[in-house]
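The file protein-v8.cif contains mmCIF, C-alpha atoms:
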data_work
loop_
_atom_site.label_atom_id
_atom_site.label_comp_id
_atom_site.auth_asym_id
_atom_site.auth_seq_id
_atom_site.Cartn_x
_atom_site.Cartn_y
_atom_site.Cartn_z
CA MET D 1 -199.72 -54.52 -61.32
CA ASN D 2 -197.73 -51.67 -59.82
CA ILE D 3 -194.01 -51.58 -60.56
CA SER D 4 -191.85 -49.48 -58.29
CA TYR D 5 -189.32 -46.98 -59.54
CA ARG D 6 -186.48 -49.07 -58.14
CA GLN D 7 -187.77 -52.22 -59.85
CA LEU D 8 -187.98 -50.43 -63.18
CA LEU D 9 -184.43 -49.15 -62.90
CA SER D 10 -183.22 -52.62 -61.96
CA SER D 11 -184.94 -54.12 -65.01
CA ILE D 12 -183.39 -51.58 -67.34
CA ALA D 13 -179.98 -52.15 -65.80
CA PHE D 14 -180.40 -55.90 -66.24
CA ILE D 15 -181.26 -55.49 -69.93
CA PHE D 16 -178.28 -53.21 -70.39
CA SER D 17 -175.86 -55.58 -68.68
CA SER D 18 -177.27 -58.61 -70.51
CA PHE D 19 -176.67 -56.93 -73.82
CA SER D 20 -173.07 -56.25 -72.84
CA VAL D 21 -172.38 -59.80 -71.78
CA ASN D 22 -174.09 -61.62 -74.62
CA SER D 23 -173.04 -59.46 -77.53
CA ALA D 24 -170.00 -60.57 -79.50
CA ILE D 25 -169.66 -58.09 -82.31
CA VAL D 26 -166.44 -58.32 -84.29
CA THR D 27 -165.34 -55.88 -86.97
CA TYR D 28 -162.83 -56.89 -89.63
CA SER D 29 -161.19 -53.70 -90.90
CA PHE D 30 -159.12 -53.89 -94.07
CA ASN D 31 -156.84 -51.63 -96.10
CA GLY D 32 -155.39 -51.93 -99.57
CA PHE D 33 -155.31 -50.33 -103.01
CA VAL D 34 -157.24 -50.61 -106.26
CA SER D 35 -155.50 -53.06 -108.61
CA GLU D 36 -158.03 -53.55 -111.43
CA VAL D 37 -161.21 -51.98 -112.82
CA GLU D 38 -163.61 -53.76 -115.18
CA ASN D 39 -166.70 -52.34 -116.90
CA THR D 40 -168.57 -55.12 -118.71
CA GLU D 41 -171.46 -52.93 -119.82
CA GLN D 42 -171.71 -49.17 -119.60
CA PHE D 43 -168.81 -47.19 -118.20
CA PHE D 44 -169.28 -46.76 -114.44
CA PHE D 45 -165.94 -46.96 -112.60
CA ASP D 46 -163.11 -44.84 -114.02
CA ALA D 47 -159.99 -47.00 -114.23
CA VAL D 48 -157.66 -44.05 -114.87
CA SER D 49 -158.63 -42.22 -111.70
CA LEU D 50 -159.10 -45.28 -109.45
CA LEU D 51 -156.07 -47.50 -110.15
CA GLY D 52 -153.67 -47.28 -107.21
CA GLN D 53 -156.15 -45.44 -105.01
CA GLN D 54 -156.34 -46.41 -101.34
CA VAL D 55 -159.12 -48.79 -100.33
CA THR D 56 -160.56 -48.96 -96.81
CA GLY D 57 -163.48 -50.95 -95.53
CA SER D 58 -164.90 -53.23 -92.89
CA PHE D 59 -167.13 -56.23 -92.26
CA THR D 60 -169.06 -56.38 -88.98
CA LEU D 61 -170.07 -59.81 -87.73
CA ASP D 62 -172.50 -60.49 -84.86
CA THR D 63 -171.41 -63.88 -83.55
CA SER D 64 -174.13 -63.98 -80.90
CA ALA D 65 -176.58 -64.96 -83.66
CA PRO D 66 -176.68 -68.66 -84.55
CA ILE D 67 -174.37 -69.29 -87.48
CA ARG D 68 -175.03 -72.47 -89.38
CA GLY D 69 -172.41 -74.14 -91.50
CA ARG D 70 -170.37 -77.25 -91.90
CA LEU D 71 -166.80 -78.41 -91.71
CA GLU D 72 -165.15 -79.54 -94.94
CA THR D 73 -162.31 -82.10 -95.00
CA GLY D 74 -161.17 -81.21 -91.49
CA TYR D 75 -159.74 -77.81 -92.30
CA TYR D 76 -162.31 -75.78 -94.22
CA TRP D 77 -165.50 -74.34 -92.75
CA TRP D 78 -168.17 -72.28 -94.42
CA SER D 79 -171.58 -70.83 -93.73
CA VAL D 80 -174.28 -69.08 -95.71
CA HIS D 81 -176.72 -66.74 -93.96
CA ASP D 82 -180.14 -66.30 -95.43
CA ASN D 83 -183.33 -65.76 -93.44
CA ASP D 84 -181.72 -65.42 -90.01
CA ARG D 85 -181.15 -61.95 -88.64
CA PRO D 86 -178.32 -60.18 -90.46
CA ALA D 87 -174.92 -61.42 -89.44
CA LEU D 88 -172.90 -58.98 -91.50
CA THR D 89 -172.94 -55.35 -92.45
CA SER D 90 -170.13 -54.03 -94.57
CA ASN D 91 -168.72 -51.01 -96.34
CA VAL D 92 -165.91 -50.11 -98.70
CA GLU D 93 -164.47 -46.76 -99.76
CA PHE D 94 -162.15 -45.81 -102.59
CA GLY D 95 -161.63 -42.56 -104.45
CA ASP D 96 -164.58 -40.35 -103.52
CA MET D 97 -167.09 -43.23 -103.39
CA LEU D 98 -168.49 -45.01 -100.35
CA PHE D 99 -170.67 -48.12 -100.56
CA ARG D 100 -172.59 -49.56 -97.59
CA LEU D 101 -174.29 -52.94 -97.55
CA ASN D 102 -176.94 -53.17 -94.83
CA ASN D 103 -178.77 -56.46 -94.97
CA GLU D 104 -182.45 -56.78 -94.23
CA GLY D 105 -183.15 -60.04 -96.03
CA VAL D 106 -183.73 -60.42 -99.75
CA TYR D 107 -186.91 -62.45 -100.15
CA GLN D 108 -187.65 -64.22 -103.43
CA ALA D 109 -191.40 -64.81 -103.63
CA GLU D 110 -191.02 -67.02 -106.69
CA TYR D 111 -189.11 -69.63 -104.70
CA ASP D 112 -190.49 -68.74 -101.26
CA GLU D 113 -186.99 -68.36 -99.87
CA TYR D 114 -184.34 -65.80 -99.06
CA TYR D 115 -181.40 -65.07 -101.29
CA PRO D 116 -178.14 -65.91 -99.46
CA GLU D 117 -176.74 -62.58 -98.42
CA GLU D 118 -173.34 -63.39 -97.07
CA MET D 119 -170.83 -66.16 -96.67
CA LEU D 120 -168.11 -66.87 -94.13
CA GLU D 121 -165.16 -69.12 -94.83
CA MET D 122 -162.32 -70.12 -92.56
CA TYR D 123 -159.19 -72.09 -93.42
CA ASP D 124 -156.62 -73.80 -91.24
CA GLY D 125 -153.94 -76.18 -92.58
CA PRO D 126 -152.80 -78.83 -93.05
CA THR D 127 -155.21 -80.29 -95.60
CA PHE D 128 -156.55 -83.82 -95.64
CA ASP D 129 -153.58 -84.94 -97.78
CA ASP D 130 -151.03 -83.28 -95.45
CA GLY D 131 -150.58 -80.30 -97.72
CA HIS D 132 -150.38 -76.84 -96.16
CA ILE D 133 -152.82 -74.17 -97.24
CA GLY D 134 -152.11 -71.71 -94.45
CA ASP D 135 -154.57 -69.84 -92.27
CA GLY D 136 -157.13 -67.63 -93.90
CA ILE D 137 -160.54 -66.00 -93.72
CA SER D 138 -162.93 -65.04 -96.50
CA LEU D 139 -166.02 -62.87 -96.04
CA LYS D 140 -168.63 -62.15 -98.70
CA ASP D 141 -171.58 -59.79 -98.48
CA TYR D 142 -174.53 -59.10 -100.76
CA ALA D 143 -177.21 -56.42 -100.82
CA ARG D 144 -179.99 -55.52 -103.23
CA LYS D 145 -182.27 -52.51 -103.53
CA THR D 146 -185.23 -52.21 -105.90
CA THR D 147 -186.68 -48.86 -106.98
CA LEU D 148 -190.08 -48.80 -108.69
CA PHE D 149 -191.05 -46.29 -111.37
CA SER D 150 -194.05 -45.83 -113.66
CA ASN D 151 -192.92 -48.19 -116.42
CA GLY D 152 -190.99 -50.78 -114.45
CA SER D 153 -188.22 -51.04 -111.88
CA LEU D 154 -184.51 -50.53 -111.27
CA GLU D 155 -182.71 -53.18 -109.27
CA ARG D 156 -179.21 -52.49 -107.95
CA THR D 157 -177.11 -55.24 -106.40
CA LEU D 158 -173.76 -55.02 -104.65
CA HIS D 159 -171.36 -57.92 -104.11
CA LEU D 160 -168.50 -57.17 -101.72
CA SER D 161 -165.90 -59.75 -100.76
CA PHE D 162 -162.40 -59.98 -99.39
CA GLY D 163 -160.08 -62.72 -98.22
CA PHE D 164 -156.54 -63.26 -97.05
CA ARG D 165 -154.20 -66.17 -96.37
CA ASP D 166 -150.97 -66.60 -94.42
CA LEU D 167 -148.55 -69.52 -94.89
CA ILE D 168 -146.25 -68.42 -92.05
CA ASN D 169 -148.29 -67.29 -89.07
CA ASP D 170 -150.89 -69.55 -87.45
CA PHE D 171 -153.49 -67.14 -86.13
CA LEU D 172 -156.50 -69.48 -86.41
CA ALA D 173 -157.30 -72.67 -84.57
CA PHE D 174 -160.27 -75.00 -84.81
CA ASP D 175 -161.53 -76.34 -81.52
CA GLU D 176 -161.23 -80.11 -81.10
CA GLY D 177 -165.00 -80.33 -80.87
CA THR D 178 -165.33 -78.47 -84.16
CA LEU D 179 -163.27 -81.13 -85.89
CA LEU D 180 -165.83 -83.72 -84.84
CA ARG D 181 -169.07 -81.80 -85.29
CA ASP D 182 -170.49 -79.10 -87.51
CA GLU D 183 -169.90 -76.21 -85.14
CA MET D 184 -168.68 -72.81 -86.14
CA PRO D 185 -165.08 -71.79 -85.44
CA ASP D 186 -164.32 -68.88 -83.16
CA PHE D 187 -164.70 -65.88 -85.44
CA THR D 188 -163.97 -63.63 -82.46
CA SER D 189 -160.32 -64.72 -82.47
CA PRO D 190 -158.10 -61.63 -82.74
CA VAL D 191 -156.50 -61.08 -86.13
CA SER D 192 -153.70 -58.68 -86.98
CA TRP D 193 -152.49 -59.41 -90.51
CA PHE D 194 -150.08 -57.31 -92.58
CA ASP D 195 -148.59 -57.94 -96.01
CA ASN D 196 -145.48 -55.79 -96.26
CA ASP D 197 -143.98 -57.69 -99.20
CA LEU D 198 -146.40 -57.95 -102.10
CA THR D 199 -143.85 -59.88 -104.18
CA SER D 200 -143.87 -62.85 -101.79
CA ASP D 201 -146.39 -65.70 -101.98
CA THR D 202 -146.24 -66.45 -98.26
CA LYS D 203 -149.01 -63.92 -97.68
CA SER D 204 -151.77 -62.83 -100.03
CA GLY D 205 -155.02 -60.96 -99.80
CA GLY D 206 -157.52 -59.27 -102.04
CA GLY D 207 -161.13 -58.43 -102.64
CA SER D 208 -163.65 -56.91 -105.00
CA LEU D 209 -166.81 -54.85 -105.24
CA ARG D 210 -169.20 -55.68 -108.07
CA LEU D 211 -172.09 -53.36 -108.95
CA ILE D 212 -174.93 -54.58 -111.17
CA GLU D 213 -177.96 -52.57 -112.29
CA ARG D 214 -180.95 -54.37 -113.81
CA VAL D 215 -183.70 -52.35 -115.49
CA ASP D 216 -187.07 -53.98 -116.13
CA ASP D 217 -188.95 -51.66 -118.49
CA LEU D 218 -192.42 -52.47 -119.84
CA ASN D 219 -191.47 -50.96 -123.19
CA THR D 220 -187.88 -52.11 -123.74
CA GLY D 221 -187.77 -55.26 -121.60
CA VAL D 222 -184.97 -56.28 -119.25
CA THR D 223 -181.53 -54.71 -119.67
CA TYR D 224 -178.34 -54.59 -117.61
CA PRO D 225 -176.89 -51.13 -118.18
CA VAL D 226 -174.25 -51.49 -115.46
CA ASP D 227 -172.04 -54.44 -114.58
CA SER D 228 -168.80 -53.07 -113.16
CA THR D 229 -166.18 -54.45 -110.77
CA VAL D 230 -163.37 -52.90 -108.75
CA ARG D 231 -160.71 -55.34 -107.54
CA PHE D 232 -158.22 -54.49 -104.84
CA THR D 233 -155.10 -55.89 -103.19
CA LEU D 234 -155.04 -56.10 -99.40
CA THR D 235 -152.18 -54.82 -97.27
CA SER D 236 -153.68 -55.26 -93.79
CA VAL D 237 -156.61 -56.81 -91.92
CA GLU D 238 -157.31 -56.28 -88.23
CA THR D 239 -160.18 -57.22 -85.94
CA VAL D 240 -161.82 -55.25 -83.15
CA LYS D 241 -164.14 -57.02 -80.74
CA VAL D 242 -166.96 -55.00 -79.20
CA SER D 243 -168.64 -56.37 -76.07
CA SER D 244 -170.77 -53.39 -75.10
CA PRO D 245 -173.95 -51.77 -76.44
CA THR D 246 -173.71 -49.42 -79.36
CA MET D 247 -173.97 -45.68 -78.85
CA ASN D 248 -177.56 -45.67 -80.18
CA PHE D 249 -178.59 -48.36 -77.71
CA SER D 250 -176.96 -46.49 -74.81
CA PHE D 251 -178.62 -43.24 -75.89
CA TYR D 252 -182.08 -44.82 -75.93
CA ILE D 253 -181.54 -46.30 -72.47
CA PHE D 254 -180.47 -42.86 -71.23
CA VAL D 255 -183.60 -41.24 -72.71
CA VAL D 256 -185.82 -43.85 -71.06
CA LEU D 257 -184.18 -43.21 -67.70
CA LEU D 258 -184.68 -39.46 -68.03
CA PHE D 259 -188.33 -39.98 -68.96
CA VAL D 260 -188.91 -42.27 -65.97
CA VAL D 261 -187.26 -39.80 -63.60
CA LYS D 262 -189.32 -36.94 -65.00
CA VAL D 263 -192.59 -38.88 -64.70
CA ARG D 264 -191.78 -39.94 -61.16
CA LYS D 265 -190.96 -36.37 -60.11
CA ARG D 266 -194.23 -35.17 -61.65
CA ASN D 267 -196.18 -37.86 -59.79
CA LEU D 268 -194.46 -36.98 -56.52
CA SER D 269 -195.23 -33.32 -57.06
CA PHE D 270 -198.87 -34.09 -57.88
CA ASN D 271 -199.20 -36.29 -54.80
CA ASN D 272 -197.67 -33.61 -52.59
CA ILE D 273 -200.14 -31.03 -53.91
CA ASN D 274 -203.07 -33.36 -53.25
CA ALA D 275 -201.79 -34.05 -49.77
CA LEU D 276 -201.45 -30.34 -49.08
CA GLU D 277 -204.98 -29.65 -50.37
CA ASN D 278 -206.39 -32.45 -48.26
CA PHE D 279 -204.53 -31.14 -45.23
CA THR D 280 -205.85 -27.58 -45.86
CA GLU D 281 -209.44 -28.80 -46.24
CA LYS D 282 -209.21 -30.54 -42.90
#

Starting from the coordinates I provided, produce the structure as structure tokens.
Amino acid sequence: MNISYRQLLSSIAFIFSSFSVNSAIVTYSFNGFVSEVENTEQFFFDAVSLLGQQVTGSFTLDTSAPIRGRLETGYYWWSVHDNDRPALTSNVEFGDMLFRLNNEGVYQAEYDEYYPEEMLEMYDGPTFDDGHIGDGISLKDYARKTTLFSNGSLERTLHLSFGFRDLINDFLAFDEGTLLRDEMPDFTSPVSWFDNDLTSDTKSGGGSLRLIERVDDLNTGVTYPVDSTVRFTLTSVETVKVSSPTMNFSFYIFVVLLFVVKVRKRNLSFNNINALENFTEK
């Protein structure tokens, strides 16, 4: 089947535009400061140098992927992602350390299932007994990497989470249909949350990063040399919605277009040469 140059360009343009329309990527960016450091096992995080240090980070959520969950008591909704495509990637930075959690699925062969990587929670008062809990969002992410060596393996896991709640401003709203069925809330709703008075209970937010290292050595057995946690207080959370392809995606499309143009020019040149030779022979 021969596909014309124009048809090929139209197909690529359609793919490009479809990606723009269907994508609903939302990034939750947060800021705060380190409020507590805990080293259960070996010393890993330095409390003296980290306490009070600025914390920055983000969670990126792809809402175009199906997100399963359920509504709890009419105001509380949660979801756990496991073997679907990754819904969240996250990172956090404090001091001179940067941690990235890129999820690719953590399969447990023993149970023939995937370890839940991340969790989304959404709150919206009042509660079922007419109490007011305020509006809030909680995001949790998990990543694990295993490194093999001659006598065993080293397994490093990261648990990153943050959440915030507001008793004054109503920035979240469940759709009427959501209240009747187990459908996810609109996580693309814009959020601009600031806590300028840390002494007040009307707003609160915080998070933590926990790092665990598990060593499975044939000679010494299983040990946990590192189990350390950094907790932080949040001062702001803002969302940015992206409805266009990423730079990498755009770059690849551009390269494909250049390749197609180059091939077509080469074919045209080759055909012109053949035509000229045929004309000369005649």

Could you tell me, as a PyMOL selection string, exactly which residues end up selected when the PyMOL selection byres ((chain D and resi 206) around 12) is applied to this structure?
chain D and resi 30-36+55-56+136-140+160-165+195+198+203-205+207-209+230-237

To one decimal place in Å, what is the distance between atom CA of Ile168 of chain D and atom CA of Asp135 of chain D?
8.4 Å

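The interatomic distance for the pair atom CA of Val191 of chain D and atom CA of Leu51 of chain D works out to 27.6 Å.
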
To test the calculation: enclose all listed atoms of segment 46-59 of chain D in a box whose edges run along x, y and z, add 3 Å on each side, then state centre and edge lengths in Å to one decimal, as lines of an AutoDock Vina configuration file.
center_x = -160.4
center_y = -49.2
center_z = -103.6
size_x = 19.5
size_y = 20.0
size_z = 28.6

Mind pulling up the distance from atom CA of Leu61 of chain D to atom CA of Glu213 of chain D?
26.8 Å

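Neighbours of segment 89-99 of chain D closer than or equal to 7 Å, with only C-alpha atoms counted and sequence neighbours fewer than 4 positions away skipped, come out as Leu50, Gln53, Gln54, Val55, Thr56, Gly57, Ser58, Phe59, Thr60 and Asn103 of chain D.
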
Run the PyMOL selection byres ((chain D and resi 212) around 12) against the file shown and list the residues it catches, as a PyMOL selection string.
chain D and resi 39-45+142-146+154-160+209-211+213-215+223-230

Taking the file as shown, find all residues satisfying the PyMOL selection byres ((chain D and resi 192) around 10) and write them as a ChimeraX atom specification.
/D:28-29,171,190-191,193-194,236-240

Counting all atoms listed in the file, I want the residues whose atoms come within 7 Å of (-186.1, -54.5, -119.0) in the file frame, returned as a JSON list (two decimals) with C-alpha atoms, keeping the file's coordinate frame.
[["chain", "number", "residue", "atom", "x", "y", "z"],
["D", 215, "VAL", "CA", -183.70, -52.35, -115.49],
["D", 216, "ASP", "CA", -187.07, -53.98, -116.13],
["D", 217, "ASP", "CA", -188.95, -51.66, -118.49],
["D", 218, "LEU", "CA", -192.42, -52.47, -119.84],
["D", 220, "THR", "CA", -187.88, -52.11, -123.74],
["D", 221, "GLY", "CA", -187.77, -55.26, -121.60],
["D", 222, "VAL", "CA", -184.97, -56.28, -119.25],
["D", 223, "THR", "CA", -181.53, -54.71, -119.67]]

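Checking D:Met122, D:Leu88, D:Leu101, D:Leu148 one by one against Val26 of chain D, counting only C-alpha atoms, you find the shortest gap at D:Leu88.
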